[in-house]
file upload24.cif (mmCIF, C-alpha atoms)
data_start
loop_
_atom_site.label_atom_id
_atom_site.label_comp_id
_atom_site.auth_asym_id
_atom_site.auth_seq_id
_atom_site.Cartn_x
_atom_site.Cartn_y
_atom_site.Cartn_z
CA MET D 1 -63.97 -59.21 17.07
CA ASN D 2 -67.69 -58.62 16.87
CA ASP D 3 -70.01 -58.14 13.95
CA ALA D 4 -70.63 -54.37 13.84
CA THR D 5 -74.36 -54.95 13.88
CA ASP D 6 -74.16 -57.18 16.93
CA ASN D 7 -76.65 -55.55 19.25
CA HIS D 8 -75.08 -56.51 22.55
CA ASP D 9 -73.82 -53.69 24.71
CA ARG D 10 -70.12 -53.82 25.37
CA PRO D 11 -69.09 -54.43 28.95
CA PRO D 12 -68.01 -51.15 30.59
CA HIS D 13 -64.31 -50.51 30.33
CA ALA D 14 -62.98 -49.23 33.66
CA ILE D 15 -60.03 -46.85 33.65
CA ASP D 16 -57.63 -46.61 36.58
CA PRO D 17 -57.76 -43.23 38.35
CA ILE D 18 -56.12 -40.58 36.18
CA ASP D 19 -53.20 -39.27 38.18
CA ARG D 20 -50.60 -36.81 36.89
CA THR D 21 -48.43 -39.35 35.12
CA PRO D 22 -50.72 -40.17 32.16
CA LEU D 23 -51.33 -36.46 31.66
CA VAL D 24 -47.62 -35.87 31.18
CA TYR D 25 -47.26 -38.89 28.89
CA PHE D 26 -50.24 -37.76 26.87
CA ALA D 27 -48.91 -34.21 26.54
CA ALA D 28 -45.62 -35.57 25.20
CA ALA D 29 -47.20 -38.20 22.97
CA SER D 30 -49.68 -35.79 21.41
CA ASP D 31 -47.49 -32.63 21.35
CA ASP D 32 -50.34 -30.91 23.18
CA MET D 33 -48.22 -28.68 25.35
CA ASN D 34 -51.12 -26.79 26.93
CA PRO D 35 -49.76 -26.35 30.50
CA MET D 36 -53.30 -26.53 31.91
CA HIS D 37 -52.86 -30.30 31.95
CA TYR D 38 -49.58 -30.62 33.84
CA ASP D 39 -48.66 -27.26 35.43
CA ILE D 40 -50.64 -26.66 38.62
CA ASP D 41 -49.51 -23.03 38.79
CA ASN D 42 -50.96 -22.39 35.37
CA ALA D 43 -54.20 -24.16 36.26
CA ARG D 44 -54.59 -22.14 39.47
CA SER D 45 -53.90 -18.87 37.67
CA ALA D 46 -56.94 -19.64 35.55
CA GLY D 47 -59.12 -20.34 38.60
CA PHE D 48 -58.96 -24.14 38.64
CA ASP D 49 -58.02 -26.05 41.79
CA ASP D 50 -55.65 -28.32 39.93
CA VAL D 51 -54.73 -29.60 36.49
CA PHE D 52 -57.29 -31.65 34.60
CA ALA D 53 -57.12 -34.27 31.89
CA GLN D 54 -56.89 -33.55 28.20
CA GLY D 55 -60.19 -34.04 26.38
CA MET D 56 -58.40 -36.03 23.73
CA LEU D 57 -57.20 -38.45 26.42
CA SER D 58 -60.84 -39.34 27.10
CA MET D 59 -61.43 -39.72 23.37
CA ALA D 60 -58.43 -42.07 23.26
CA TYR D 61 -60.03 -44.21 26.00
CA MET D 62 -63.17 -44.34 23.87
CA ARG D 63 -61.11 -45.28 20.86
CA ARG D 64 -59.74 -48.28 22.68
CA ILE D 65 -63.17 -49.84 23.20
CA LEU D 66 -63.88 -49.26 19.51
CA THR D 67 -60.71 -50.83 18.16
CA ASP D 68 -60.91 -53.68 20.69
CA ASN D 69 -64.26 -54.63 19.13
CA HIS D 70 -64.07 -53.59 15.48
CA PRO D 71 -61.44 -53.76 12.73
CA LEU D 72 -59.67 -50.41 12.29
CA GLU D 73 -60.66 -50.30 8.60
CA SER D 74 -64.36 -50.41 9.52
CA LEU D 75 -64.30 -47.07 11.34
CA ARG D 76 -65.91 -44.37 9.18
CA SER D 77 -66.29 -41.48 11.59
CA PHE D 78 -65.80 -40.68 15.23
CA LYS D 79 -67.25 -37.61 16.94
CA VAL D 80 -67.34 -36.45 20.52
CA ARG D 81 -68.70 -33.52 22.48
CA PHE D 82 -66.67 -32.66 25.55
CA MET D 83 -69.36 -32.18 28.18
CA ALA D 84 -67.23 -31.39 31.24
CA ILE D 85 -63.61 -31.37 32.27
CA THR D 86 -62.17 -34.63 33.60
CA PRO D 87 -60.67 -33.81 37.01
CA LEU D 88 -57.51 -35.34 38.38
CA TYR D 89 -58.04 -38.78 39.99
CA ALA D 90 -61.28 -39.29 38.08
CA ARG D 91 -62.09 -42.93 37.33
CA PRO D 92 -63.73 -42.78 33.94
CA GLU D 93 -65.79 -45.70 32.78
CA VAL D 94 -66.28 -46.09 29.07
CA THR D 95 -69.52 -47.62 27.83
CA ALA D 96 -70.48 -48.44 24.25
CA ARG D 97 -73.87 -49.27 22.86
CA VAL D 98 -74.80 -50.12 19.29
CA LEU D 99 -77.71 -47.88 18.34
CA PRO D 100 -80.73 -49.38 16.58
CA GLU D 101 -80.38 -46.95 13.69
CA ASP D 102 -77.35 -45.60 11.82
CA VAL D 103 -76.46 -41.90 11.86
CA GLU D 104 -78.79 -41.16 8.95
CA GLY D 105 -81.68 -42.76 10.78
CA ARG D 106 -81.83 -45.90 8.65
CA ASN D 107 -82.57 -49.13 10.40
CA ARG D 108 -79.52 -51.34 10.56
CA GLU D 109 -81.42 -54.33 9.29
CA GLY D 110 -81.59 -52.69 5.87
CA PRO D 111 -78.78 -52.83 3.31
CA SER D 112 -76.73 -50.03 4.87
CA LYS D 113 -74.39 -52.45 6.63
CA SER D 114 -73.06 -49.87 9.02
CA ALA D 115 -73.77 -49.27 12.66
CA THR D 116 -73.65 -46.27 14.94
CA ILE D 117 -72.10 -46.85 18.32
CA GLU D 118 -72.88 -44.53 21.20
CA LEU D 119 -70.03 -44.07 23.67
CA ARG D 120 -69.87 -42.36 27.03
CA VAL D 121 -67.14 -41.38 29.45
CA THR D 122 -67.20 -37.87 30.81
CA LEU D 123 -68.08 -36.97 27.25
CA GLU D 124 -70.57 -38.23 24.73
CA GLY D 125 -69.62 -39.57 21.37
CA VAL D 126 -70.71 -41.62 18.41
CA ALA D 127 -68.74 -43.68 15.96
CA VAL D 128 -69.81 -45.27 12.71
CA VAL D 129 -68.36 -48.64 11.80
CA ASP D 130 -68.86 -50.75 8.72
CA ASP D 131 -69.96 -54.33 9.08
CA CYS D 132 -66.78 -55.95 7.78
CA SER D 133 -68.21 -59.43 8.20
CA ALA D 134 -70.69 -58.61 5.42
CA ARG D 135 -67.98 -57.88 2.86
CA MET B 1 -64.07 -11.12 22.33
CA ASN B 2 -64.93 -10.98 18.67
CA LEU B 3 -63.17 -13.63 16.69
CA ASP B 4 -64.68 -12.67 13.34
CA VAL B 5 -61.22 -11.68 12.23
CA LEU B 6 -60.18 -15.34 12.35
CA VAL B 7 -62.78 -16.64 9.91
CA GLY B 8 -61.26 -17.66 6.62
CA ARG B 9 -57.72 -17.73 7.94
CA THR B 10 -55.62 -20.80 7.38
CA ARG B 11 -53.13 -22.18 9.83
CA GLU B 12 -49.56 -23.00 8.98
CA GLU B 13 -49.12 -26.51 7.59
CA GLY B 14 -48.63 -29.07 10.34
CA LEU B 15 -46.41 -32.06 9.69
CA LEU B 16 -46.28 -35.30 11.63
CA HIS B 17 -43.67 -37.96 10.97
CA VAL B 18 -45.41 -40.95 12.51
CA THR B 19 -42.93 -43.13 14.37
CA ARG B 20 -43.33 -46.46 16.13
CA GLU B 21 -41.95 -44.75 19.23
CA ARG B 22 -44.68 -42.11 19.24
CA LEU B 23 -47.36 -44.79 18.91
CA ARG B 24 -45.83 -46.65 21.87
CA LEU B 25 -45.84 -43.41 23.90
CA PHE B 26 -49.53 -42.96 23.08
CA ALA B 27 -50.26 -46.48 24.24
CA ARG B 28 -48.42 -45.79 27.48
CA ALA B 29 -50.41 -42.58 27.99
CA ILE B 30 -53.65 -44.56 27.98
CA ARG B 31 -52.02 -47.42 29.92
CA GLN B 32 -52.49 -49.87 27.08
CA THR B 33 -49.65 -52.04 28.30
CA SER B 34 -50.63 -55.29 26.60
CA PRO B 35 -49.29 -55.62 23.04
CA SER B 36 -51.64 -54.46 20.31
CA ILE B 37 -51.52 -53.79 16.57
CA PHE B 38 -50.65 -50.18 17.49
CA THR B 39 -47.41 -51.14 19.23
CA ASP B 40 -46.43 -54.63 18.10
CA ILE B 41 -45.08 -54.98 14.56
CA ASP B 42 -45.81 -58.70 14.32
CA MET B 43 -49.41 -58.23 15.47
CA ALA B 44 -49.81 -55.32 13.04
CA ARG B 45 -48.52 -57.38 10.11
CA ALA B 46 -50.65 -60.36 11.09
CA ALA B 47 -53.64 -58.00 10.85
CA GLY B 48 -52.60 -56.94 7.35
CA HIS B 49 -50.84 -53.67 8.16
CA PRO B 50 -47.37 -52.84 6.79
CA ASP B 51 -46.42 -51.27 10.13
CA PRO B 52 -48.34 -50.35 13.30
CA PRO B 53 -51.37 -48.26 12.26
CA VAL B 54 -52.13 -44.80 13.61
CA PRO B 55 -54.85 -45.01 16.27
CA PRO B 56 -57.96 -43.12 15.16
CA THR B 57 -57.62 -40.15 17.52
CA VAL B 58 -53.89 -39.58 17.03
CA TYR B 59 -54.47 -37.68 13.77
CA PHE B 60 -55.22 -34.51 15.73
CA THR B 61 -51.53 -34.33 16.63
CA THR B 62 -50.75 -33.27 13.05
CA GLN B 63 -52.00 -29.82 14.09
CA LEU B 64 -49.90 -29.63 17.24
CA THR B 65 -46.35 -30.23 16.02
CA LEU B 66 -45.71 -26.60 15.12
CA ASP B 67 -43.38 -24.67 17.41
CA ASP B 68 -46.27 -22.42 18.42
CA ALA B 69 -49.38 -24.38 17.52
CA PHE B 70 -51.81 -21.84 18.96
CA ALA B 71 -50.19 -18.68 17.63
CA TYR B 72 -53.21 -18.15 15.41
CA LEU B 73 -55.21 -17.58 18.60
CA THR B 74 -52.69 -15.75 20.77
CA ASP B 75 -51.94 -13.39 17.84
CA VAL B 76 -55.46 -12.00 18.13
CA GLY B 77 -55.35 -11.77 21.93
CA VAL B 78 -56.88 -15.05 23.05
CA ASP B 79 -55.82 -16.17 26.55
CA LEU B 80 -55.18 -19.88 26.05
CA ARG B 81 -56.17 -20.55 29.68
CA THR B 82 -59.73 -19.73 28.66
CA VAL B 83 -59.76 -22.16 25.73
CA LEU B 84 -61.59 -25.46 26.11
CA HIS B 85 -61.93 -28.17 23.52
CA GLY B 86 -65.64 -28.34 22.72
CA GLU B 87 -66.05 -31.00 20.07
CA GLN B 88 -63.90 -33.20 17.89
CA GLU B 89 -64.94 -35.09 14.79
CA PHE B 90 -62.93 -37.30 12.48
CA SER B 91 -63.97 -38.70 9.13
CA TYR B 92 -61.75 -41.55 7.95
CA PHE B 93 -60.78 -42.37 4.39
CA SER B 94 -57.84 -44.68 4.95
CA VAL B 95 -55.46 -45.79 7.66
CA ALA B 96 -51.98 -44.29 8.10
CA HIS B 97 -49.09 -46.24 9.56
CA ALA B 98 -45.79 -45.69 11.35
CA GLY B 99 -43.35 -44.41 8.75
CA ASP B 100 -45.90 -42.16 7.06
CA VAL B 101 -45.56 -38.39 6.95
CA LEU B 102 -48.89 -36.66 7.48
CA SER B 103 -49.61 -33.09 6.49
CA SER B 104 -52.48 -31.07 7.90
CA ARG B 105 -54.08 -27.90 6.59
CA SER B 106 -56.63 -26.10 8.72
CA GLU B 107 -59.02 -23.30 7.95
CA ILE B 108 -61.11 -21.46 10.51
CA THR B 109 -64.53 -21.82 8.93
CA ASP B 110 -66.83 -20.16 11.41
CA GLN B 111 -67.08 -18.68 14.84
CA THR B 112 -69.94 -18.07 17.22
CA ASP B 113 -69.86 -14.74 18.98
CA SER B 114 -71.99 -15.67 21.97
CA MET B 115 -69.87 -18.65 22.97
CA VAL B 116 -66.61 -17.40 21.48
CA ALA B 117 -66.40 -20.67 19.68
CA GLU B 118 -64.55 -21.36 16.48
CA LEU B 119 -64.87 -24.13 13.98
CA LEU B 120 -61.67 -25.46 12.55
CA SER B 121 -61.77 -27.64 9.48
CA THR B 122 -58.64 -29.69 8.93
CA THR B 123 -57.65 -31.93 6.08
CA ILE B 124 -54.88 -34.42 6.72
CA ILE B 125 -53.10 -36.16 3.87
CA ARG B 126 -50.30 -38.66 3.67
CA LEU B 127 -47.42 -37.08 1.78
CA PRO B 128 -46.50 -38.86 -1.43
CA ASP B 129 -43.06 -40.09 -0.43
CA ALA B 130 -44.99 -42.91 1.25
CA SER B 131 -47.79 -44.91 -0.39
CA THR B 132 -50.87 -43.30 -1.94
CA GLY B 133 -54.11 -42.42 -0.23
CA SER B 134 -55.23 -40.01 2.43
CA GLY B 135 -55.38 -40.02 6.18
CA GLY B 136 -58.10 -38.84 8.51
CA ALA B 137 -59.57 -35.43 8.95
CA GLY B 138 -60.62 -33.79 12.16
#
call {"tool": "encode", "arguments": {"input": "upload24.cif", "output": "structure tokens"}}
result
Amino acid sequence: MNDATDNHDRPPHAIDPIDRTPLVYFAAASDDMNPMHYDIDNARSAGFDDVFAQGMLSMAYMRRILTDNHPLESLRSFKVRFMAITPLYARPEVTARVLPEDVEGRNREGPSKSATIELRVTLEGVAVVDDCSAR
Amino acid sequence: MNLDVLVGRTREEGLLHVTRERLRLFARAIRQTSPSIFTDIDMARAAGHPDPPVPPTVYFTTQLTLDDAFAYLTDVGVDLRTVLHGEQEFSYFSVAHAGDVLSSRSEITDQTDSMVAELLSTTIIRLPDASTGSGGAG
């Protein structure tokens, strides 16, 4: 578990290629029954070559790098923009970087005791975590 | 398509009974096969949780447990094949755990004509038959 204000970049977290199986598990686990993610006929009828991964699956991969490195209670907010669809058999790599300033632009060396972490997969996101070690 | 008609509408209440089994299924979906506080009761309790905690992105499922979760869109003629998830944001106030019942209330707060986008504001609370406090919002 790292200090939230630890400025070292996290090592990239490699994800195995996303085949159809995790898409089905994720649909069931999340109750997201949008057939675009598991029914190739539905995907083709909308002009896609094949099904593609749920955006929230990518956000869940991001979440893992957060909770692997920070206590759950320290997470204040978590926001992503879905920049592109994640095609079948993609091999996402999640990276995380602690930004030098928090989301309100304050330098982390001040009393704010929170850090903003920039994350990337096929989407961009930021999370704010409290520095629990300072409590 | 003009989605102005949606602004100000509220969605039906979504309810999620968080179970240990659902949290294990989530872990399997992201291939988190090694035990973690989200799946292992002993590890969760060692970390100070009464039961495995809800992973921070799982709260969005409180909006999806309805029989027809997207009726509010299809009712006004939206083809769900054209719908893409644009952004997601959570603000956290406390952590929910397996055994909690979460309730979500959503209001469509805005929409952008040019991109046919909508903004959905959702508040998720832990129902009072469990302990006090509130869950996440997204």
call {"tool": "interface_residues", "arguments": {"input": "upload24.cif", "of": "chain B", "to": "chain D", "cutoff": "10 Å", "atoms": "all atoms listed in the file", "output": "NGL selection string"}}
result
:B and (21-32 or 36-37 or 47 or 53-70 or 79-95 or 136-138)
call {"tool": "atom_distance", "arguments": {"input": "upload24.cif", "atom1": "CA of Asp49 in chain D", "atom2": "CA of Thr74 in chain B"}}
result
24.0 Å
call {"tool": "resolve_selection", "arguments": {"input": "upload24.cif", "expression": "the PyMOL selection byres ((chain B and resi 17) around 9)", "output": "list in words"}}
result
Leu15, Leu16, Val18, Thr19, Thr62, Ala98, Gly99, Asp100, Val101, Leu102 and Ser103 of chain B
call {"tool": "atom_distance", "arguments": {"input": "upload24.cif", "atom1": "CA of Thr95 in chain D", "atom2": "CA of Ala96 in chain B"}}
result
26.6 Å
call {"tool": "atom_distance", "arguments": {"input": "upload24.cif", "atom1": "CA of Thr122 in chain B", "atom2": "CA of Ser114 in chain D"}}
result
24.8 Å
call {"tool": "closest_residue", "arguments": {"input": "upload24.cif", "among": "D:Ile65, D:Ile117, D:Ala90, D:Ala53", "to": "Pro17 in chain D", "atoms": "all atoms listed in the file"}}
result
D:Ala90
call {"tool": "resolve_selection", "arguments": {"input": "upload24.cif", "expression": "the PyMOL selection byres ((chain B and resi 41) around 6)", "output": "VMD selection string"}}
result
chain B and resid 40 42 to 44 51 to 52
